[in-house]
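Student: Please find model.tsv (TSV, C-alpha atoms) on the next line:
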chain	number	residue	atom	x	y	z
C	16	MET	CA	118.16	-123.02	210.35
C	17	THR	CA	121.16	-122.40	208.09
C	18	THR	CA	124.62	-123.57	209.03
C	19	LEU	CA	127.65	-121.88	207.54
C	20	HIS	CA	130.87	-123.82	207.18
C	21	ALA	CA	134.29	-122.31	206.68
C	22	VAL	CA	135.93	-123.57	203.52
C	23	ASP	CA	139.68	-123.86	203.41
C	24	LYS	CA	141.47	-122.68	200.33
C	25	LEU	CA	141.34	-125.58	197.93
C	26	GLU	CA	144.49	-127.02	196.42
C	27	PRO	CA	144.78	-125.96	192.76
C	28	GLU	CA	144.02	-128.49	190.09
C	29	PRO	CA	147.10	-130.34	188.77
C	30	GLU	CA	146.92	-128.40	185.48
C	31	GLU	CA	147.16	-125.08	187.34
C	32	ARG	CA	150.23	-125.90	189.39
C	33	VAL	CA	153.32	-123.89	188.66
C	34	VAL	CA	155.98	-126.13	187.15
C	35	TRP	CA	158.69	-123.45	186.99
C	36	GLU	CA	158.90	-119.86	188.16
C	37	ALA	CA	161.65	-117.28	188.33
C	38	TYR	CA	162.54	-113.64	188.45
C	39	PRO	CA	165.19	-112.20	186.14
C	40	SER	CA	168.68	-113.05	187.35
C	41	TRP	CA	170.66	-110.54	189.38
C	42	ALA	CA	173.28	-110.73	186.62
C	43	GLN	CA	170.74	-109.16	184.22
C	44	PHE	CA	171.52	-105.84	185.90
C	45	ALA	CA	175.32	-106.02	185.80
C	46	TRP	CA	175.41	-102.68	183.99
C	47	LEU	CA	173.70	-101.02	186.97
C	48	TYR	CA	176.23	-102.60	189.33
C	49	LEU	CA	179.07	-101.26	187.19
C	50	LEU	CA	177.63	-97.75	187.19
C	51	SER	CA	177.06	-98.00	190.93
C	52	ALA	CA	180.65	-99.11	191.52
C	53	VAL	CA	181.99	-96.24	189.40
C	54	SER	CA	179.83	-93.80	191.34
C	55	ALA	CA	180.93	-95.21	194.71
C	56	LEU	CA	184.59	-95.15	193.65
C	57	ARG	CA	184.32	-91.55	192.55
C	58	GLY	CA	182.66	-90.67	195.86
C	59	ALA	CA	185.44	-92.44	197.78
C	60	LEU	CA	188.12	-90.60	195.81
C	61	PHE	CA	186.38	-87.27	196.38
C	62	PHE	CA	186.23	-88.05	200.12
C	63	LYS	CA	189.89	-89.11	200.27
C	64	PHE	CA	191.14	-85.96	198.54
C	65	GLY	CA	188.82	-83.62	200.43
C	66	VAL	CA	186.71	-82.62	197.43
C	67	GLY	CA	183.15	-81.62	198.23
C	68	GLY	CA	180.15	-83.44	196.81
C	69	TRP	CA	181.30	-86.96	197.64
C	70	GLU	CA	178.04	-87.57	199.54
C	71	MET	CA	175.99	-87.23	196.35
C	72	TRP	CA	178.15	-89.77	194.50
C	73	VAL	CA	177.75	-92.31	197.31
C	74	LEU	CA	174.00	-91.57	197.49
C	75	GLY	CA	173.76	-92.03	193.71
C	76	SER	CA	175.48	-95.39	194.05
C	77	GLY	CA	172.89	-96.49	196.59
C	78	ILE	CA	170.05	-95.29	194.38
C	79	LEU	CA	171.38	-97.33	191.44
C	80	LEU	CA	171.54	-100.47	193.59
C	81	THR	CA	167.99	-99.84	194.77
C	82	CYS	CA	166.87	-99.49	191.14
C	83	ALA	CA	168.43	-102.87	190.34
C	84	ALA	CA	166.54	-104.51	193.22
C	85	ILE	CA	163.23	-102.91	192.16
C	86	LEU	CA	163.66	-103.76	188.47
C	87	ARG	CA	164.52	-107.38	189.22
C	88	ARG	CA	161.19	-107.97	190.94
C	89	TRP	CA	159.18	-106.20	188.22
C	90	ALA	CA	158.69	-109.33	186.13
C	91	HIS	CA	157.86	-112.79	187.45
C	92	TYR	CA	157.93	-115.70	185.00
C	93	GLU	CA	155.68	-118.74	185.47
C	94	LEU	CA	155.29	-121.98	183.54
C	95	THR	CA	152.24	-124.08	184.38
C	96	ARG	CA	150.93	-127.18	182.68
C	97	ASP	CA	148.67	-124.97	180.56
C	98	VAL	CA	150.37	-121.64	179.97
C	99	ILE	CA	153.58	-119.66	180.16
C	100	MET	CA	153.13	-116.16	181.52
C	101	VAL	CA	154.81	-113.02	182.69
C	102	ARG	CA	153.28	-111.45	185.78
C	103	ASN	CA	154.01	-108.19	187.56
C	104	GLY	CA	156.09	-109.23	190.54
C	105	TYR	CA	154.56	-106.60	192.79
C	106	THR	CA	150.85	-106.80	191.96
C	107	GLY	CA	150.64	-110.36	190.61
C	108	ARG	CA	148.72	-109.12	187.56
C	109	GLU	CA	149.29	-110.97	184.32
C	110	ILE	CA	151.27	-108.93	181.80
C	111	GLN	CA	151.37	-111.42	178.94
C	112	SER	CA	150.78	-115.13	178.44
C	113	ILE	CA	150.79	-117.80	175.77
C	114	PRO	CA	148.92	-121.11	176.08
C	115	LEU	CA	151.30	-124.04	175.73
C	116	ASN	CA	149.26	-125.49	172.88
C	117	ASP	CA	149.98	-122.25	170.94
C	118	VAL	CA	153.77	-122.33	171.40
C	119	GLY	CA	155.60	-122.42	168.09
C	120	GLU	CA	159.31	-121.75	167.98
C	121	VAL	CA	161.37	-121.18	171.15
C	122	ASP	CA	164.68	-119.34	170.78
C	123	VAL	CA	167.50	-118.40	173.14
C	124	GLN	CA	169.36	-115.14	172.65
C	125	GLN	CA	172.64	-114.56	174.46
C	126	GLY	CA	175.38	-112.03	174.09
C	127	VAL	CA	178.95	-112.55	175.19
C	128	ILE	CA	178.43	-111.01	178.62
C	129	ALA	CA	175.14	-112.85	179.18
C	130	ASP	CA	176.83	-116.12	178.21
C	131	PHE	CA	179.61	-115.36	180.71
C	132	PHE	CA	177.02	-114.91	183.48
C	133	GLY	CA	174.99	-117.94	182.35
C	134	ILE	CA	171.86	-115.94	181.58
C	135	GLY	CA	169.93	-115.20	178.42
C	136	ARG	CA	166.63	-114.28	176.86
C	137	VAL	CA	164.12	-116.99	175.99
C	138	VAL	CA	161.84	-115.84	173.16
C	139	ILE	CA	158.62	-117.75	172.56
C	140	HIS	CA	156.94	-117.40	169.15
C	141	PRO	CA	153.23	-118.29	169.25
C	142	ARG	CA	151.60	-119.94	166.24
C	143	SER	CA	148.42	-117.84	166.27
C	144	HIS	CA	149.82	-114.29	166.29
C	145	ASP	CA	153.00	-112.26	165.93
C	146	ARG	CA	153.26	-111.01	169.52
C	147	LEU	CA	156.33	-112.62	171.09
C	148	LEU	CA	156.79	-113.51	174.73
C	149	SER	CA	160.25	-112.70	176.00
C	150	LEU	CA	161.72	-113.98	179.26
C	151	ARG	CA	164.73	-111.74	179.89
C	152	GLY	CA	167.63	-112.48	182.18
C	153	VAL	CA	166.72	-116.12	182.73
C	154	SER	CA	169.35	-118.29	184.39
C	155	ASP	CA	170.28	-121.33	182.30
C	156	PRO	CA	168.12	-120.37	179.29
C	157	GLU	CA	168.80	-123.58	177.33
C	158	GLU	CA	167.29	-125.66	180.13
C	159	ILE	CA	164.21	-123.39	180.22
C	160	LYS	CA	163.87	-123.66	176.43
C	161	ILE	CA	163.90	-127.46	176.63
C	162	ARG	CA	161.40	-127.42	179.49
C	163	ILE	CA	159.00	-125.13	177.59
C	164	LYS	CA	159.25	-127.21	174.41
C	165	ALA	CA	158.66	-130.44	176.36
C	166	MET	CA	155.62	-129.02	178.16
C	167	ALA	CA	154.24	-127.65	174.86
C	168	TRP	CA	154.78	-131.01	173.16
C	169	ARG	CA	153.04	-132.80	176.02
C	170	ARG	CA	150.12	-130.32	175.89
C	171	ASN	CA	149.78	-130.75	172.10
C	172	ARG	CA	150.04	-134.53	172.35
C	173	THR	CA	147.26	-134.82	174.89
C	174	GLY	CA	145.19	-132.37	172.86
C	175	SER	CA	143.60	-130.79	175.90
C	176	GLN	CA	142.73	-127.13	175.92
C	177	PRO	CA	143.60	-124.86	178.83
C	178	ARG	CA	140.65	-124.23	181.09
C	179	ALA	CA	139.02	-120.83	180.94
C	180	LYS	CA	139.69	-118.54	183.88
C	181	SER	CA	136.68	-117.84	186.04
As a first step, turn the structure in this file into structure tokens.
Tutor:
Amino acid sequence: MTTLHAVDKLEPEPEERVVWEAYPSWAQFAWLYLLSAVSALRGALFFKFGVGGWEMWVLGSGILLTCAAILRRWAHYELTRDVIMVRNGYTGREIQSIPLNDVGEVDVQQGVIADFFGIGRVVIHPRSHDRLLSLRGVSDPEEIKIRIKAMAWRRNRTGSQPRAKS
């Protein structure tokens, strides 16, 4: 006689736990908000002065705001004890990743507007190839840069390799 037992979902190993995760900041899409505001203002002025077509300007404003919400969730950034990766925020599929023991240089790129909003792009240069990993619209990018470098240093110091995915 065979007995079947239900197995609960096991807790991930400590090396697989997510140390940091984020979506791009809402401020990353400030340009869409500006275009949406201009469109809504134009629609309001058309309505106030009795000019036809105001509905389309207001609808366009709503569409732009919807685009910002959809685009924000497109990328999901994760830092584990083994790897830094970009996943599709809707499907969960991995888009790109770099093992922490392969992290070379980590740079922060910020323009004037991004600096004003406290966001930036964290660019990770791997040692083994030329394909960069870019985390766009990250809040407090200097802190993320330090965290990535510290995790990479710790991974290189211990000398352990990331486990293969099954």
Student: Can you work out the spacing between CA of Ser54 in chain C and CA of Leu80 in chain C in Å, to one decimal?
Tutor: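 Spanning CA of Ser54 in chain C to CA of Leu80 in chain C is a straight-line distance of 10.9 Å.
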Student: Which one is closest to Ala45 in chain C: C:Arg108, C:Asp155, C:Cys82, C:Glu120? Count only C-alpha atoms.
Tutor: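 The answer is C:Cys82, which sits nearest to Ala45 in chain C.
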Student: Give me, as a PyMOL selection string, all polymer residues having an atom no more than 9 Å from Leu86 in chain C, counting only C-alpha atoms and skipping those fewer than 5 positions away in the same chain.
Tutor: chain C and resi 39+44+81
Student: Starting from the point (170.5, -116.0, 180.2), work out which residues of protein, DNA or RNA have an atom no more than 6 Å away when counting all atoms listed in the file; state them as JSON, numbers by chain.
Tutor: {"C": [129, 133, 134, 135, 136, 152, 153, 154, 155, 156]}
Student: Could you please take those selected residues and save C-alpha atoms as a PDB file, in the frame of the given file?
Tutor:
ATOM      1  CA  ALA C 129     175.140-112.850 179.180  1.00  0.00           C
ATOM      2  CA  GLY C 133     174.990-117.940 182.350  1.00  0.00           C
ATOM      3  CA  ILE C 134     171.860-115.940 181.580  1.00  0.00           C
ATOM      4  CA  GLY C 135     169.930-115.200 178.420  1.00  0.00           C
ATOM      5  CA  ARG C 136     166.630-114.280 176.860  1.00  0.00           C
ATOM      6  CA  GLY C 152     167.630-112.480 182.180  1.00  0.00           C
ATOM      7  CA  VAL C 153     166.720-116.120 182.730  1.00  0.00           C
ATOM      8  CA  SER C 154     169.350-118.290 184.390  1.00  0.00           C
ATOM      9  CA  ASP C 155     170.280-121.330 182.300  1.00  0.00           C
ATOM     10  CA  PRO C 156     168.120-120.370 179.290  1.00  0.00           C
TER      11      PRO C 156
END
Student: Using all atoms listed in the file, which of the listed residues (C:Ser149, C:Ser76, C:Gln125, C:Asn171) sits closest to Ala90 in chain C?
Tutor: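 Smallest distance to Ala90 in chain C is found for C:Ser149.
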Student: Could you please give me, as a CSV table (one decimal) with C-alpha atoms, in the coordinates of the input, the residues of protein, DNA or RNA lying at most 10 Å from (159.1, -114.4, 181.7) in the coordinate frame of the file, considering all atoms listed in the file?
Tutor:
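The resulting file, point_21.csv, is reproduced below:
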chain,number,residue,atom,x,y,z
C,36,GLU,CA,158.9,-119.9,188.2
C,37,ALA,CA,161.6,-117.3,188.3
C,38,TYR,CA,162.5,-113.6,188.4
C,39,PRO,CA,165.2,-112.2,186.1
C,90,ALA,CA,158.7,-109.3,186.1
C,91,HIS,CA,157.9,-112.8,187.4
C,92,TYR,CA,157.9,-115.7,185.0
C,93,GLU,CA,155.7,-118.7,185.5
C,94,LEU,CA,155.3,-122.0,183.5
C,99,ILE,CA,153.6,-119.7,180.2
C,100,MET,CA,153.1,-116.2,181.5
C,101,VAL,CA,154.8,-113.0,182.7
C,102,ARG,CA,153.3,-111.4,185.8
C,103,ASN,CA,154.0,-108.2,187.6
C,110,ILE,CA,151.3,-108.9,181.8
C,111,GLN,CA,151.4,-111.4,178.9
C,112,SER,CA,150.8,-115.1,178.4
C,136,ARG,CA,166.6,-114.3,176.9
C,137,VAL,CA,164.1,-117.0,176.0
C,138,VAL,CA,161.8,-115.8,173.2
C,139,ILE,CA,158.6,-117.8,172.6
C,148,LEU,CA,156.8,-113.5,174.7
C,149,SER,CA,160.2,-112.7,176.0
C,150,LEU,CA,161.7,-114.0,179.3
C,151,ARG,CA,164.7,-111.7,179.9
C,152,GLY,CA,167.6,-112.5,182.2
C,153,VAL,CA,166.7,-116.1,182.7
Student: What is the CA of Phe131 in chain C-CA of Ile159 in chain C distance in Å, reported with one decimal?
Tutor: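 Computing it gives 17.4 Å between the two atoms.
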Student: Would you please work out which residue, of C:Gln43, C:Ser51, C:Thr106, C:Asn116, is nearest to Asp130 in chain C when using all atoms listed in the file?
Tutor: C:Gln43
Student: So which residues touch Val98 in chain C within 6 Å, counting only C-alpha atoms, skipping near sequence neighbours fewer than 2 positions away, as a tab-separated table (two decimals) with C-alpha atoms, in the coordinates of the input?
Tutor:
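This is the output file part-v2.tsv:
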chain	number	residue	atom	x	y	z
C	95	THR	CA	152.24	-124.08	184.38
C	113	ILE	CA	150.79	-117.80	175.77
C	114	PRO	CA	148.92	-121.11	176.08
C	115	LEU	CA	151.30	-124.04	175.73
Student: Please, what distance in Å, to one decimal, runs between CA of Ile128 in chain C and CA of Leu56 in chain C?
Tutor: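 Straight-line distance from CA of Ile128 in chain C to CA of Leu56 in chain C works out to 22.7 Å.
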Student: Excluding Leu60 in chain C and residues on its chain fewer than 5 positions from it, collect all residues at most 12 Å away from it, counting all atoms listed in the file, and give them as a PyMOL selection string.
Tutor: chain C and resi 53-55+65-70+72-73
Student: Between C:Tyr48, C:Val118, C:Asp97, C:Arg57, which one has atoms that come closest to Glu31 in chain C, using all atoms listed in the file?
Tutor: C:Asp97
